[in-house]
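Enquirer: My structure file work-v2.tsv, TSV, C-alpha atoms, is below:
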chain	number	residue	atom	x	y	z
A	1192	MET	CA	6.38	-11.25	-45.94
A	1193	SER	CA	3.46	-11.33	-43.53
A	1194	LYS	CA	2.63	-14.88	-42.51
A	1195	LYS	CA	-1.05	-14.03	-42.12
A	1196	GLU	CA	-1.94	-12.24	-45.33
A	1197	VAL	CA	-0.75	-11.42	-48.83
A	1198	ARG	CA	-0.58	-7.71	-49.62
A	1199	THR	CA	-1.20	-7.09	-53.30
A	1200	VAL	CA	-1.06	-4.22	-55.79
A	1201	CYS	CA	-3.04	-4.53	-59.04
A	1202	ALA	CA	-1.91	-3.10	-62.38
A	1203	GLY	CA	-4.58	-3.04	-65.08
A	1204	LEU	CA	-8.08	-1.72	-64.46
A	1205	GLY	CA	-9.82	-2.78	-67.65
A	1206	PHE	CA	-12.83	-5.03	-68.12
A	1207	VAL	CA	-11.21	-7.94	-66.22
A	1208	GLY	CA	-8.74	-6.18	-63.94
A	1209	GLY	CA	-11.23	-3.70	-62.57
A	1210	ALA	CA	-14.28	-5.94	-62.50
A	1211	ALA	CA	-12.75	-9.26	-61.39
A	1212	HIS	CA	-9.25	-8.91	-59.94
A	1213	VAL	CA	-9.67	-5.83	-57.76
A	1214	PRO	CA	-12.84	-6.99	-55.94
A	1215	SER	CA	-11.49	-10.53	-55.56
A	1216	PHE	CA	-8.20	-9.49	-53.97
A	1217	ARG	CA	-10.28	-7.45	-51.52
A	1218	LYS	CA	-12.54	-10.33	-50.51
A	1219	VAL	CA	-10.72	-13.68	-50.59
A	1220	PRO	CA	-9.33	-15.00	-47.29
A	1221	ASP	CA	-5.85	-13.92	-46.15
A	1222	SER	CA	-5.66	-11.20	-48.81
A	1223	LYS	CA	-5.24	-7.44	-48.52
A	1224	LEU	CA	-5.49	-5.18	-51.56
A	1225	LEU	CA	-3.00	-2.38	-50.92
A	1226	GLY	CA	-3.82	-0.42	-54.04
A	1227	VAL	CA	-3.83	-0.08	-57.80
A	1228	VAL	CA	-1.45	1.34	-60.39
A	1229	ALA	CA	-2.38	4.27	-62.61
A	1230	ARG	CA	-0.87	6.61	-65.18
A	1231	LYS	CA	-1.35	10.32	-64.66
A	1232	GLY	CA	-3.84	11.87	-67.02
A	1233	ARG	CA	-5.09	8.51	-68.31
A	1234	GLU	CA	-8.40	6.73	-67.88
A	1235	SER	CA	-6.69	4.40	-65.40
A	1236	GLU	CA	-6.12	7.36	-63.06
A	1237	ARG	CA	-9.81	8.28	-63.07
A	1238	ILE	CA	-10.78	4.69	-62.23
A	1239	ALA	CA	-8.01	4.39	-59.63
A	1240	ILE	CA	-9.14	7.52	-57.81
A	1241	GLN	CA	-12.71	6.20	-57.73
A	1242	LEU	CA	-11.45	2.94	-56.22
A	1243	LYS	CA	-9.36	4.84	-53.69
A	1244	GLU	CA	-12.37	6.85	-52.57
A	1245	LYS	CA	-14.60	3.78	-52.44
A	1246	TYR	CA	-12.26	1.32	-50.71
A	1247	GLY	CA	-9.61	3.46	-49.04
A	1248	ILE	CA	-6.77	1.87	-51.02
A	1249	ASN	CA	-3.62	3.49	-52.41
A	1250	VAL	CA	-2.93	4.72	-55.93
A	1251	TYR	CA	0.60	4.01	-57.21
A	1252	TYR	CA	2.20	5.82	-60.14
A	1253	ASP	CA	5.70	4.30	-60.07
A	1254	TRP	CA	5.92	0.59	-60.95
A	1255	ASP	CA	9.59	0.33	-60.02
A	1256	ALA	CA	8.77	1.68	-56.56
A	1257	VAL	CA	6.03	-0.93	-56.16
A	1258	CYS	CA	8.48	-3.68	-57.08
A	1259	VAL	CA	10.91	-2.77	-54.28
A	1260	ASP	CA	8.34	-1.76	-51.66
A	1261	PRO	CA	8.78	-4.08	-48.64
A	1262	ASN	CA	5.07	-3.67	-47.82
A	1263	VAL	CA	4.07	-5.29	-51.13
A	1264	ASP	CA	4.08	-9.09	-51.26
A	1265	ALA	CA	2.47	-9.69	-54.65
A	1266	VAL	CA	1.31	-7.97	-57.81
A	1267	CYS	CA	-1.50	-8.68	-60.24
A	1268	ILE	CA	-0.67	-7.73	-63.84
A	1269	ALA	CA	-3.62	-7.33	-66.21
A	1270	VAL	CA	-2.27	-4.66	-68.55
A	1271	PRO	CA	-2.10	-5.13	-72.36
A	1272	THR	CA	-0.01	-8.12	-73.48
A	1273	PRO	CA	2.92	-6.05	-74.88
A	1274	ASP	CA	3.68	-4.85	-71.33
A	1275	HIS	CA	3.40	-8.19	-69.52
A	1276	TYR	CA	7.04	-9.21	-69.81
A	1277	GLU	CA	8.68	-6.01	-68.58
A	1278	LEU	CA	6.31	-5.46	-65.67
A	1279	ALA	CA	6.48	-9.10	-64.56
A	1280	LYS	CA	10.27	-9.22	-64.90
A	1281	ARG	CA	10.77	-6.18	-62.67
A	1282	ALA	CA	8.33	-7.51	-60.08
A	1283	ILE	CA	10.00	-10.92	-59.94
A	1284	GLU	CA	13.43	-9.32	-59.67
A	1285	GLY	CA	12.03	-7.36	-56.73
A	1286	GLY	CA	11.01	-10.60	-55.02
A	1287	LYS	CA	7.26	-10.24	-55.58
A	1288	HIS	CA	4.82	-13.03	-56.32
A	1289	VAL	CA	3.11	-12.43	-59.67
A	1290	PHE	CA	-0.44	-13.15	-60.82
A	1291	LEU	CA	-0.04	-12.64	-64.56
A	1292	GLU	CA	-2.68	-12.28	-67.25
A	1293	MET	CA	-2.51	-14.39	-70.39
A	1294	PRO	CA	-0.80	-14.59	-72.80
A	1295	MET	CA	2.22	-14.31	-70.50
A	1296	ALA	CA	4.26	-12.59	-73.21
A	1297	PRO	CA	4.01	-12.19	-77.00
A	1298	GLU	CA	6.92	-14.62	-77.44
A	1299	LEU	CA	7.22	-18.06	-75.86
A	1300	GLN	CA	10.91	-17.50	-75.21
A	1301	LYS	CA	10.14	-14.54	-72.96
A	1302	ALA	CA	7.43	-16.47	-71.12
A	1303	GLU	CA	9.97	-19.21	-70.42
A	1304	GLU	CA	12.46	-16.61	-69.24
A	1305	LEU	CA	9.95	-15.26	-66.72
A	1306	GLY	CA	9.31	-18.78	-65.44
A	1307	ARG	CA	12.98	-19.53	-64.90
A	1308	LEU	CA	13.50	-16.17	-63.22
A	1309	ALA	CA	10.63	-16.84	-60.81
A	1310	GLU	CA	12.02	-20.27	-59.97
A	1311	GLY	CA	15.40	-18.72	-59.24
A	1312	LYS	CA	13.87	-16.07	-57.01
A	1313	GLY	CA	11.63	-18.55	-55.21
A	1314	VAL	CA	8.43	-16.63	-55.90
A	1315	VAL	CA	5.06	-17.75	-57.24
A	1316	LEU	CA	4.40	-16.88	-60.88
A	1317	MET	CA	0.84	-17.91	-61.67
A	1318	PRO	CA	-0.68	-17.39	-65.14
A	1319	ILE	CA	-4.35	-16.40	-64.98
A	1320	LEU	CA	-5.82	-19.55	-66.52
A	1321	ASN	CA	-9.13	-19.16	-64.74
A	1322	PHE	CA	-11.23	-21.52	-66.90
A	1323	ARG	CA	-10.00	-24.33	-64.64
A	1324	HIS	CA	-12.13	-22.81	-61.88
A	1325	ALA	CA	-15.19	-21.83	-63.93
A	1326	PRO	CA	-18.08	-23.59	-62.14
A	1327	GLY	CA	-19.57	-25.15	-65.28
A	1328	TYR	CA	-16.31	-26.75	-66.33
A	1329	VAL	CA	-15.64	-27.95	-62.78
A	1330	LYS	CA	-19.04	-29.66	-62.66
A	1331	ALA	CA	-18.59	-31.16	-66.13
A	1332	LYS	CA	-15.20	-32.55	-65.12
A	1333	GLU	CA	-16.81	-34.18	-62.09
A	1334	LEU	CA	-19.34	-35.88	-64.38
A	1335	LEU	CA	-16.58	-37.06	-66.69
A	1336	GLU	CA	-14.55	-38.50	-63.84
A	1337	VAL	CA	-17.45	-40.53	-62.41
A	1338	GLY	CA	-17.97	-42.13	-65.82
A	1339	ALA	CA	-21.20	-40.35	-66.77
A	1340	ILE	CA	-20.36	-40.59	-70.50
A	1341	GLY	CA	-18.07	-43.61	-70.37
A	1342	LYS	CA	-14.81	-42.78	-72.11
A	1343	PRO	CA	-14.59	-39.41	-73.89
A	1344	ILE	CA	-14.09	-39.66	-77.63
A	1345	ALA	CA	-14.69	-36.15	-78.99
A	1346	LEU	CA	-15.25	-32.51	-78.09
A	1347	THR	CA	-16.56	-29.33	-79.64
A	1348	PHE	CA	-15.93	-25.82	-78.35
A	1349	ARG	CA	-17.52	-22.65	-79.65
A	1350	GLU	CA	-16.86	-19.12	-78.40
A	1351	PHE	CA	-18.55	-16.21	-80.16
A	1352	ILE	CA	-18.14	-12.57	-79.10
A	1353	ALA	CA	-20.34	-9.84	-80.58
A	1354	ALA	CA	-18.38	-7.76	-83.10
A	1355	GLU	CA	-19.48	-4.43	-81.66
A	1356	ASP	CA	-18.37	-5.45	-78.16
A	1357	LEU	CA	-14.89	-6.58	-79.19
A	1358	ALA	CA	-14.51	-3.56	-81.47
A	1359	ARG	CA	-14.92	-1.26	-78.47
A	1360	GLN	CA	-12.29	-3.19	-76.56
A	1361	TRP	CA	-9.84	-3.87	-79.37
A	1362	PRO	CA	-10.28	-1.67	-82.48
A	1363	LEU	CA	-7.96	-2.27	-85.43
A	1364	SER	CA	-5.66	0.49	-84.18
A	1365	SER	CA	-5.03	-1.31	-80.88
A	1366	TRP	CA	-2.12	-3.53	-79.89
A	1367	ALA	CA	-4.38	-6.61	-80.16
A	1368	TRP	CA	-4.17	-6.45	-83.98
A	1369	ASP	CA	-0.37	-6.02	-84.06
A	1370	ILE	CA	1.23	-9.48	-84.26
A	1371	LYS	CA	4.65	-8.20	-83.23
A	1372	LYS	CA	3.27	-6.51	-80.10
A	1373	SER	CA	0.71	-9.09	-79.02
A	1374	GLY	CA	1.93	-12.37	-80.53
A	1375	GLY	CA	-1.11	-12.73	-82.78
A	1376	TYR	CA	-4.56	-11.37	-83.50
A	1377	PRO	CA	-7.44	-11.41	-80.95
A	1378	ASP	CA	-8.23	-15.05	-81.77
A	1379	PHE	CA	-4.70	-15.97	-80.63
A	1380	THR	CA	-5.12	-14.00	-77.42
A	1381	LEU	CA	-8.56	-15.36	-76.56
A	1382	SER	CA	-7.99	-19.04	-77.40
A	1383	VAL	CA	-5.38	-19.73	-74.70
A	1384	TRP	CA	-7.90	-20.22	-71.89
A	1385	SER	CA	-9.89	-22.96	-73.58
A	1386	LEU	CA	-6.76	-24.72	-74.86
A	1387	ASP	CA	-5.47	-24.90	-71.30
A	1388	MET	CA	-8.88	-25.99	-70.07
A	1389	PHE	CA	-8.83	-29.00	-72.41
A	1390	ARG	CA	-5.48	-30.15	-70.95
A	1391	TRP	CA	-6.82	-29.83	-67.41
A	1392	PHE	CA	-10.26	-31.29	-68.19
A	1393	PHE	CA	-9.02	-34.45	-69.91
A	1394	LYS	CA	-5.76	-34.78	-67.92
A	1395	THR	CA	-3.69	-35.05	-71.08
A	1396	GLU	CA	-1.65	-32.97	-73.49
A	1397	ILE	CA	-2.56	-31.58	-76.89
A	1398	GLU	CA	-1.03	-33.63	-79.68
A	1399	ASN	CA	-1.82	-31.29	-82.56
A	1400	VAL	CA	-4.07	-28.47	-83.73
A	1401	LYS	CA	-4.56	-27.36	-87.33
A	1402	TRP	CA	-6.03	-23.90	-87.80
A	1403	ALA	CA	-7.83	-22.02	-90.56
A	1404	ALA	CA	-9.01	-18.43	-90.13
A	1405	CYS	CA	-10.94	-15.75	-91.99
A	1406	TYR	CA	-10.69	-12.05	-91.10
A	1407	MET	CA	-13.14	-9.64	-92.69
A	1408	PRO	CA	-14.67	-6.20	-91.96
A	1409	VAL	CA	-18.12	-6.39	-90.37
A	1410	GLU	CA	-20.83	-4.18	-91.85
A	1411	GLY	CA	-21.88	-1.44	-89.44
A	1412	VAL	CA	-18.86	-1.88	-87.16
A	1413	ASP	CA	-16.12	0.67	-87.76
A	1414	SER	CA	-12.37	0.11	-87.40
A	1415	PHE	CA	-12.68	-3.63	-86.86
A	1416	LYS	CA	-12.33	-7.02	-88.50
A	1417	GLY	CA	-14.46	-9.92	-87.48
A	1418	TYR	CA	-12.73	-13.28	-87.29
A	1419	GLN	CA	-13.94	-16.84	-87.69
A	1420	THR	CA	-11.14	-19.15	-86.65
A	1421	VAL	CA	-11.58	-22.92	-86.87
A	1422	GLY	CA	-9.32	-25.54	-85.34
A	1423	ILE	CA	-9.16	-29.32	-85.61
A	1424	ILE	CA	-7.64	-30.71	-82.43
A	1425	ARG	CA	-6.29	-34.08	-81.33
A	1426	LEU	CA	-5.37	-34.84	-77.72
A	1427	LYS	CA	-2.83	-37.45	-76.67
A	1428	ASN	CA	-5.56	-39.56	-75.05
A	1429	GLY	CA	-7.19	-39.98	-78.48
A	1430	VAL	CA	-9.96	-37.39	-78.08
A	1431	VAL	CA	-10.54	-35.36	-81.26
A	1432	GLY	CA	-12.57	-32.23	-81.74
A	1433	ASN	CA	-13.35	-29.01	-83.51
A	1434	LEU	CA	-12.95	-25.49	-82.17
A	1435	ILE	CA	-14.60	-22.31	-83.44
A	1436	TYR	CA	-13.69	-18.84	-82.20
A	1437	GLY	CA	-15.62	-15.96	-83.73
A	1438	SER	CA	-16.11	-12.21	-83.42
A	1439	SER	CA	-18.23	-11.52	-86.50
A	1440	VAL	CA	-21.64	-12.17	-84.94
A	1441	ALA	CA	-24.29	-9.59	-84.08
A	1442	LYS	CA	-25.23	-8.62	-80.55
A	1443	GLY	CA	-27.28	-11.39	-78.97
A	1444	GLN	CA	-25.49	-14.19	-80.84
A	1445	ASP	CA	-22.55	-14.30	-78.45
A	1446	THR	CA	-22.17	-17.71	-76.92
A	1447	SER	CA	-19.85	-20.13	-75.20
A	1448	ARG	CA	-20.53	-23.86	-75.54
A	1449	PHE	CA	-18.39	-26.89	-74.67
A	1450	GLU	CA	-19.58	-30.39	-75.63
A	1451	VAL	CA	-17.97	-33.70	-74.68
A	1452	PHE	CA	-19.12	-36.91	-76.38
A	1453	GLY	CA	-18.67	-40.31	-74.72
A	1454	ASN	CA	-18.52	-43.90	-75.92
A	1455	ASN	CA	-21.77	-44.79	-74.12
A	1456	GLY	CA	-23.81	-42.45	-76.31
A	1457	LYS	CA	-24.11	-39.73	-73.68
A	1458	THR	CA	-22.97	-36.12	-73.99
A	1459	ILE	CA	-21.99	-33.40	-71.51
A	1460	VAL	CA	-22.82	-29.85	-72.62
A	1461	VAL	CA	-21.70	-26.68	-70.84
A	1462	ASP	CA	-23.39	-23.44	-71.90
A	1463	TRP	CA	-21.51	-20.38	-70.70
A	1464	SER	CA	-20.16	-21.30	-67.28
A	1465	ASP	CA	-23.35	-21.93	-65.35
A	1466	LYS	CA	-25.55	-24.40	-67.24
A	1467	ILE	CA	-24.57	-28.08	-67.55
A	1468	THR	CA	-26.67	-30.70	-69.31
A	1469	LEU	CA	-26.07	-34.45	-69.44
A	1470	TYR	CA	-27.86	-35.88	-72.47
A	1471	GLY	CA	-28.72	-39.58	-72.69
A	1472	LYS	CA	-30.94	-41.62	-74.99
A	1473	GLY	CA	-34.15	-40.12	-76.36
A	1474	ASP	CA	-35.50	-37.43	-74.06
A	1475	GLU	CA	-33.28	-38.51	-71.18
A	1476	LYS	CA	-31.31	-35.62	-69.72
A	1477	GLU	CA	-30.15	-34.10	-66.44
A	1478	LEU	CA	-29.71	-30.36	-65.96
A	1479	TRP	CA	-27.67	-28.35	-63.47
A	1480	LYS	CA	-28.13	-24.57	-63.29
A	1481	LEU	CA	-25.44	-22.99	-61.15
A	1482	GLU	CA	-25.54	-19.48	-59.71
A	1483	PRO	CA	-22.01	-18.06	-59.53
A	1484	LYS	CA	-21.74	-14.37	-58.66
A	1485	GLY	CA	-19.58	-11.66	-60.24
A	1486	PRO	CA	-15.89	-12.69	-60.37
A	1487	GLU	CA	-16.86	-16.30	-59.60
A	1488	VAL	CA	-18.61	-16.74	-62.97
A	1489	TRP	CA	-15.45	-17.51	-64.95
A	1490	GLY	CA	-13.35	-18.64	-61.98
A	1491	HIS	CA	-11.34	-15.48	-61.32
A	1492	LYS	CA	-12.17	-15.23	-57.63
A	1493	GLN	CA	-11.55	-18.93	-57.03
A	1494	LEU	CA	-8.15	-18.80	-58.74
A	1495	ILE	CA	-7.16	-15.66	-56.82
A	1496	ALA	CA	-8.04	-17.42	-53.56
A	1497	HIS	CA	-5.72	-20.26	-54.58
A	1498	PHE	CA	-2.95	-17.84	-55.61
A	1499	VAL	CA	-3.06	-16.19	-52.18
A	1500	GLN	CA	-2.76	-19.53	-50.40
A	1501	ALA	CA	0.09	-20.55	-52.71
A	1502	CYS	CA	1.93	-17.33	-51.86
A	1503	LEU	CA	1.54	-18.15	-48.17
A	1504	GLY	CA	2.93	-21.64	-48.78
A	1505	LYS	CA	-0.32	-23.29	-47.71
A	1506	GLU	CA	-1.13	-24.74	-51.15
A	1507	LYS	CA	1.04	-26.00	-53.98
A	1508	PRO	CA	0.55	-23.89	-57.13
A	1509	GLU	CA	-1.76	-25.87	-59.41
A	1510	ILE	CA	-0.93	-23.67	-62.42
A	1511	THR	CA	2.59	-22.69	-63.46
A	1512	TYR	CA	4.27	-20.95	-66.37
A	1513	LYS	CA	4.69	-24.36	-68.00
A	1514	ASP	CA	0.90	-24.66	-68.31
A	1515	ALA	CA	0.76	-21.24	-69.94
A	1516	ILE	CA	3.44	-22.22	-72.45
A	1517	ALA	CA	1.73	-25.56	-73.19
A	1518	ALA	CA	-1.43	-23.69	-74.20
A	1519	GLN	CA	0.18	-20.67	-75.80
A	1520	LYS	CA	2.34	-22.68	-78.20
A	1521	TRP	CA	-0.82	-24.09	-79.79
A	1522	SER	CA	-2.62	-20.75	-79.97
A	1523	ALA	CA	0.51	-19.34	-81.63
A	1524	LYS	CA	-0.05	-21.84	-84.46
A	1525	ILE	CA	-3.03	-19.72	-85.51
A	1526	VAL	CA	-0.44	-17.21	-86.71
A	1527	THR	CA	2.02	-19.67	-88.23
A	1528	ASP	CA	-0.75	-21.59	-90.01
A	1529	LEU	CA	-1.74	-18.33	-91.72
A	1530	ILE	CA	1.75	-17.62	-93.04
Re-express the file's structure as structure tokens.

Expert:
Amino acid sequence: MSKKEVRTVCAGLGFVGGAAHVPSFRKVPDSKLLGVVARKGRESERIAIQLKEKYGINVYYDWDAVCVDPNVDAVCIAVPTPDHYELAKRAIEGGKHVFLEMPMAPELQKAEELGRLAEGKGVVLMPILNFRHAPGYVKAKELLEVGAIGKPIALTFREFIAAEDLARQWPLSSWAWDIKKSGGYPDFTLSVWSLDMFRWFFKTEIENVKWAACYMPVEGVDSFKGYQTVGIIRLKNGVVGNLIYGSSVAKGQDTSRFEVFGNNGKTIVVDWSDKITLYGKGDEKELWKLEPKGPEVWGHKQLIAHFVQACLGKEKPEITYKDAIAAQKWSAKIVTDLI
């Protein structure tokens, strides 16, 4: 492998792969985007050809060829969850570093298998747990660690996605609503990032989560079920909290809010990933309004920069498959708590 740069091929050109991964692998230091993977006659081919014409990169149609190509150092896999395991396995067997979208695999056993295989091959396998680099959470963690709210005692987390938006991405006919293929419903898939973020934010493990969920058709939105999934969480450091993930709201009601309550009466609130407020007594408050751009907003670009340096051996991987499993096992309880 080149000692000066990491040469990467990206598979998956959807709303995250095309908008966050591709531009980030082009721009972060010591990184070269060799190309993207497409299927002939599919939408991915149309997008791939546009990217080729715009950036002068390659379009690959044979994944097995990518995995044995000596010019390829790493791959980014952001295809649907049912395909994560097979594509990652072949890449690792070919000696490639892997930047893998979450959930790693529908089944925890297969995620563990990928981790052991990567360890045996001596390659970096990094789950895309980008919330750890989202600017708002990074700033909030800094406030927590300097004692701004004393000791944390409770949290709330709310993530609402407009029904019509998620219906376009994952209609009922898609893999995301097939538990066998995806590991759970969309609430399972989308909860893993925040569950991992809590572990990182509070520097502790999750002790337990109890889930309750309601799935129901949304008026005016075809081929879709809105979900409202509620969790009661306890961390091993004693922090307790409630979690709400929803996709039944109308356009304009989408939101992301993380609140942390301390034992000195103060509260840290993160709205989306760019607005942080520290509330004190009465009207006392401090506000930070950050201005991340594009793939920096939710930490994708920052994590990709770290992945590249980890592949070069210049940084120790801060996220491993064990972190993915630690989060995914609790999101999987959404499914088992329903049965």

Enquirer: Kindly indicate which residue among A:Val1315, A:Ile1238, A:Ala1518, A:Leu1308 lies nearest to A:Leu1381, using all atoms listed in the file for the distances.

Expert: A:Ala1518

Enquirer: Name the closest residue to A:Asn1433 among the candidates A:Val1263, A:Cys1201, A:Leu1346, A:Leu1334; distances are taken between atoms, counting only C-alpha atoms.

Expert: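 When distances to A:Asn1433 are compared using only C-alpha atoms, the smallest one comes from A:Leu1346.
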
Enquirer: If you measure from atom CA of A:Lys1332 to atom CA of A:Ile1423, what distance in Å do you get, rounded to one decimal?

Expert: 21.6 Å

Enquirer: Which is closest to A:Phe1392 among A:Gly1422, A:Gly1411, A:Gly1327, A:Gly1504, if we use only C-alpha atoms?

Expert: A:Gly1327

Enquirer: Of the candidates A:Ala1515, A:Lys1427, A:Lys1505, A:Ile1370, which shows the shortest atom-to-atom distance to A:Val1400, using all atoms listed in the file?

Expert: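 Under the stated criterion, the closest residue is A:Lys1427.
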
Enquirer: Which residue is closest to A:Gly1437? Choose from A:Leu1357, A:Val1197, A:Leu1478, A:Leu1386 and count all atoms listed in the file.

Expert: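 Of A:Leu1357, A:Val1197, A:Leu1478, A:Leu1386, the one nearest A:Gly1437, counting all atoms listed in the file, is A:Leu1357.
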
Enquirer: Do a neighbour search on A:Ser1464 at 10 Å with only C-alpha atoms, toss out local chain neighbours closer than 2 positions, and write the hits as a VMD selection string.

Expert: chain A and resid 1322 1324 to 1330 1447 to 1449 1461 to 1462 1466 to 1467 1480 to 1483 1487 to 1490

Enquirer: Sorted by chain and rising residue number, list the residues of stretch 1325-1441 of chain A at most 10 Å from stretch 1279-1299 of chain A (counting all atoms listed in the file), each with its closest atom pair and distance in Å to one decimal, as CSV.

Expert:
residue,atom,partner,partner_atom,distance
A:Ile1370,CA,A:Pro1297,CA,8.2
A:Lys1371,CA,A:Pro1297,CA,7.4
A:Lys1372,CA,A:Pro1297,CA,6.5
A:Ser1373,CA,A:Pro1297,CA,5.0
A:Gly1374,CA,A:Pro1297,CA,4.1
A:Gly1375,CA,A:Pro1297,CA,7.7
A:Phe1379,CA,A:Pro1294,CA,8.9
A:Thr1380,CA,A:Pro1294,CA,6.4
A:Leu1381,CA,A:Pro1294,CA,8.7
A:Ser1382,CA,A:Pro1294,CA,9.6
A:Val1383,CA,A:Pro1294,CA,7.1
A:Trp1384,CA,A:Met1293,CA,8.1

Enquirer: Work out how far atom CA of A:Lys1524 is from atom CA of A:Thr1420, in Å to one decimal.

Expert: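 Taking atom CA of A:Thr1420 as the start and atom CA of A:Lys1524 as the end point, the length is 11.6 Å.
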
Enquirer: To one decimal place in Å, what is the distance between atom CA of A:Asp1274 and atom CA of A:Asp1221?

Expert: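 These atoms are spaced 28.4 Å apart.
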
Enquirer: Counting all atoms listed in the file, which residue out of A:Ile1495, A:Cys1405, A:Leu1434, A:Ile1525 sits closest to A:Glu1509?

Expert: A:Ile1495

Enquirer: Axis-aligned box over every listed atom of stretch 1293-1296 of chain A, padded by 6 Å per side: centre and edges in Å to one decimal, as JSON?

Expert:
{"center_x": 0.9, "center_y": -13.6, "center_z": -71.8, "size_x": 18.8, "size_y": 14.0, "size_z": 14.8}
